[in-house]
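Trainee: My structure is stored as protein-v5.csv, with CSV, C-alpha atoms.
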chain,number,residue,atom,x,y,z
A,229,MET,CA,80.3,-22.0,-25.8
A,230,THR,CA,76.7,-22.1,-24.4
A,231,ARG,CA,75.7,-19.7,-21.7
A,232,PRO,CA,73.8,-21.3,-18.9
A,233,PRO,CA,70.2,-20.2,-19.1
A,234,ILE,CA,68.5,-18.2,-16.3
A,235,ARG,CA,66.0,-20.2,-14.2
A,236,LEU,CA,63.4,-17.8,-12.8
A,237,LEU,CA,61.3,-17.8,-9.6
A,238,LEU,CA,58.5,-15.2,-9.7
A,239,ASP,CA,57.6,-13.8,-6.3
A,240,GLU,CA,54.0,-13.7,-5.1
A,241,HIS,CA,52.9,-10.3,-6.4
A,242,VAL,CA,54.4,-10.8,-9.8
A,243,TRP,CA,51.8,-11.4,-12.5
A,244,GLU,CA,51.2,-15.2,-12.7
A,245,GLY,CA,50.5,-15.1,-16.4
A,246,LEU,CA,54.2,-14.2,-17.0
A,247,THR,CA,55.0,-17.8,-16.0
A,248,GLU,CA,53.0,-19.4,-18.8
A,249,ALA,CA,54.0,-16.7,-21.3
A,250,LEU,CA,57.7,-17.4,-20.7
A,251,ILE,CA,57.3,-21.2,-20.5
A,252,GLN,CA,55.7,-21.2,-24.0
A,253,GLN,CA,58.9,-19.5,-25.2
A,254,GLY,CA,61.0,-22.3,-23.7
A,255,TYR,CA,62.2,-20.6,-20.5
A,256,ASP,CA,62.4,-22.3,-17.1
A,257,VAL,CA,60.0,-20.3,-14.9
A,258,VAL,CA,58.2,-21.1,-11.7
A,259,HIS,CA,55.8,-18.8,-9.8
A,260,VAL,CA,56.0,-19.1,-6.1
A,261,ALA,CA,52.2,-19.6,-6.0
A,262,HIS,CA,52.8,-23.0,-7.6
A,263,THR,CA,55.4,-24.1,-5.0
A,264,GLN,CA,55.3,-25.1,-1.4
A,265,GLN,CA,57.1,-21.7,-0.7
A,266,ARG,CA,54.0,-19.6,-1.0
A,267,GLY,CA,53.7,-17.3,2.0
A,268,MET,CA,57.2,-18.1,3.3
A,269,ASP,CA,59.5,-15.4,4.8
A,270,ASP,CA,61.7,-13.8,2.2
A,271,ASP,CA,64.9,-15.3,3.7
A,272,VAL,CA,63.4,-18.8,3.4
A,273,LEU,CA,62.3,-18.0,-0.2
A,274,LEU,CA,65.7,-16.8,-1.2
A,275,ALA,CA,67.3,-19.8,0.4
A,276,TRP,CA,65.0,-22.1,-1.5
A,277,ALA,CA,65.6,-20.3,-4.8
A,278,ALA,CA,69.4,-20.5,-4.2
A,279,ASP,CA,69.1,-24.3,-3.6
A,280,GLN,CA,67.1,-24.6,-6.9
A,281,GLY,CA,69.5,-22.3,-8.8
A,282,ARG,CA,66.7,-19.9,-9.5
A,283,VAL,CA,66.9,-16.1,-9.8
A,284,VAL,CA,64.1,-14.3,-7.9
A,285,LEU,CA,62.1,-11.7,-9.7
A,286,THR,CA,60.3,-9.5,-7.1
A,287,TYR,CA,58.6,-6.1,-6.6
A,288,ASN,CA,59.6,-6.4,-2.9
A,289,VAL,CA,62.5,-4.0,-2.9
A,290,ARG,CA,62.0,-3.0,0.8
A,291,HIS,CA,62.7,-6.6,2.0
A,292,PHE,CA,65.0,-8.0,-0.6
A,293,VAL,CA,67.6,-5.3,-0.7
A,294,PRO,CA,68.5,-5.6,3.0
A,295,LEU,CA,68.2,-9.4,2.8
A,296,VAL,CA,70.7,-9.6,-0.1
A,297,VAL,CA,73.1,-7.3,1.9
A,298,GLN,CA,72.8,-9.7,4.8
A,299,TRP,CA,73.6,-12.6,2.5
A,300,TYR,CA,76.6,-10.8,1.1
A,301,VAL,CA,78.0,-10.0,4.5
A,302,ALA,CA,77.5,-13.7,5.6
A,303,ARG,CA,79.1,-14.8,2.3
A,304,ARG,CA,76.0,-16.8,1.3
A,305,GLU,CA,75.6,-17.5,-2.4
A,306,HIS,CA,72.4,-17.1,-4.4
A,307,ALA,CA,71.4,-17.3,-8.1
A,308,GLY,CA,70.5,-13.6,-8.2
A,309,VAL,CA,67.7,-11.2,-7.5
A,310,ILE,CA,65.9,-9.0,-10.0
A,311,LEU,CA,64.0,-6.0,-8.6
A,312,SER,CA,61.2,-4.4,-10.5
A,313,LEU,CA,58.7,-1.6,-10.3
A,314,GLN,CA,55.1,-2.9,-10.8
A,315,LEU,CA,54.5,-2.9,-14.5
A,316,SER,CA,51.7,-3.7,-16.9
A,317,PRO,CA,51.7,-7.3,-18.0
A,318,GLY,CA,52.9,-6.4,-21.5
A,319,GLU,CA,55.7,-4.2,-20.3
A,320,LEU,CA,56.8,-6.8,-17.7
A,321,LEU,CA,56.9,-9.5,-20.3
A,322,ARG,CA,59.0,-7.3,-22.7
A,323,GLN,CA,61.5,-6.3,-20.1
A,324,VAL,CA,61.9,-9.9,-18.8
A,325,GLU,CA,62.4,-11.2,-22.3
A,326,ARG,CA,65.1,-8.6,-22.9
A,327,LEU,CA,66.8,-9.5,-19.6
A,328,LEU,CA,66.7,-13.3,-20.5
A,329,ALA,CA,68.1,-12.6,-23.9
A,330,ALA,CA,70.9,-10.4,-22.6
A,331,LEU,CA,72.2,-12.2,-19.5
A,332,SER,CA,73.2,-15.7,-18.5
A,333,ALA,CA,72.7,-17.4,-15.1
A,334,ASP,CA,76.5,-16.9,-14.4
A,335,GLU,CA,76.2,-13.2,-15.0
A,336,LEU,CA,73.3,-12.9,-12.4
A,337,ARG,CA,74.9,-15.1,-9.7
A,338,ASN,CA,75.2,-13.2,-6.4
A,339,THR,CA,74.0,-9.9,-8.0
A,340,VAL,CA,71.0,-7.7,-7.7
A,341,ARG,CA,69.7,-6.0,-10.9
A,342,TRP,CA,66.8,-3.7,-11.8
A,343,LEU,CA,64.5,-5.0,-14.5
A,344,GLN,CA,64.1,-1.5,-15.7
A,345,GLU,CA,67.7,-1.7,-17.1
A,346,PHE,CA,66.1,-3.7,-19.9
A,347,LYS,CA,63.4,-1.1,-20.7
A,348,SER,CA,63.2,-0.2,-24.4
A,349,ASP,CA,64.0,3.4,-25.3
Take the structure I supplied and represent it as structure tokens, if you would.
Mentor:
Amino acid sequence: MTRPPIRLLLDEHVWEGLTEALIQQGYDVVHVAHTQQRGMDDDVLLAWAADQGRVVLTYNVRHFVPLVVQWYVARREHAGVILSLQLSPGELLRQVERLLAALSADELRNTVRWLQEFKSD
């Protein structure tokens, strides 16, 4: 049985080069800078990502944690949110690759995960 792949939306402050690096490996990734959602409120961005079936990768813990709680209380569905500390491009790529290899879209649906769970030892 095939696991549905994760479709990523990278938030504004996430390294844009990650988009191309992951696309070259066959992943479905979009950076918000390349969409009409650039500069939108986080709630609008999460709604757009949910409509697109995209998991949001963001450094914006301060806004996204309360937002996801609001969505949970309101029983709104989303594809998932991945929170991260700001990392060097190489470490960011390694951790995202591990996450994409370890989880499916179904496993991320309506969840919040820390990218650092996928840090190498």
Trainee: Rank A:Glu319, A:Glu325, A:Asp279, A:Asp270 by their smallest atom-to-atom distance to Leu250 of chain A, using only C-alpha atoms, and report the top residue only.
Mentor: A:Glu325
Trainee: Determine the nearest neighbour of Val324 of chain A from the options A:Arg282, A:Lys347, A:Arg337, A:Arg303, counting only C-alpha atoms.
Mentor: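 For Val324 of chain A, the nearest of the given residues is A:Lys347.
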Trainee: Do a neighbour search on Arg304 of chain A at 10 Å with only C-alpha atoms, toss out local chain neighbours closer than 5 positions, and write the hits as an NGL selection string.
Mentor: :A and (275 or 278 or 296-299 or 338)
Trainee: If you keep C-alpha atoms, can you produce a file of those selected residues as a PDB file, in the frame of the given file?
Mentor:
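out_7.pdb written:
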ATOM      1  CA  ALA A 275      67.300 -19.800   0.400  1.00  0.00           C
ATOM      2  CA  ALA A 278      69.400 -20.500  -4.200  1.00  0.00           C
ATOM      3  CA  VAL A 296      70.700  -9.600  -0.100  1.00  0.00           C
ATOM      4  CA  VAL A 297      73.100  -7.300   1.900  1.00  0.00           C
ATOM      5  CA  GLN A 298      72.800  -9.700   4.800  1.00  0.00           C
ATOM      6  CA  TRP A 299      73.600 -12.600   2.500  1.00  0.00           C
ATOM      7  CA  ASN A 338      75.200 -13.200  -6.400  1.00  0.00           C
TER       8      ASN A 338
END
Trainee: What is the distance between atom CA of His306 of chain A and atom CA of Glu244 of chain A, in Å to one decimal?
Mentor: 22.8 Å
Trainee: Between A:Ile234, A:Val272, A:Ala249, A:Val309, which has the minimum distance to Ser332 of chain A (counting all atoms listed in the file)?
Mentor: A:Ile234
Trainee: For each of A:Val301, A:Leu315, A:Leu295, A:Ala307, take the minimum atom-to-atom distance to Asp334 of chain A, counting only C-alpha atoms, then give the residue where this is smallest.
Mentor: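 Once distances to Asp334 of chain A are computed over only C-alpha atoms, the minimum belongs to A:Ala307.
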Trainee: Record the distance separating atom CA of Glu305 of chain A and atom CA of Thr263 of chain A, expressed in Å with one decimal.
Mentor: 21.4 Å
Trainee: To one decimal place in Å, what is the distance between atom CA of Leu336 of chain A and atom CA of Ala277 of chain A?
Mentor: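 A separation of 13.1 Å between them.
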Trainee: Could you pull out every residue with an atom within 12 Å of (53.2, -20.8, -8.2), file coordinates, counting all atoms listed in the file, and send them as a list in words?
Mentor: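 Checking each residue against the 12 Å limit leaves Leu236, Leu237, Leu238, Asp239, Glu240, His241, Val242, Trp243, Glu244, Gly245, Leu246, Thr247, Glu248, Val257, Val258, His259, Val260, Ala261, His262, Thr263, Gln264, Gln265, Arg266 and Gly267 of chain A.
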Trainee: Nearest residue to Leu331 of chain A out of A:Ala302, A:Val289, A:Val283, A:Leu313, using only C-alpha atoms?
Mentor: A:Val283
Trainee: I'd like to know which of A:Ala330, A:Val284, A:Val340, A:Ile310 is closest to Asp271 of chain A, using all atoms listed in the file.
Mentor: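 Result for the nearest residue to Asp271 of chain A: A:Val284.
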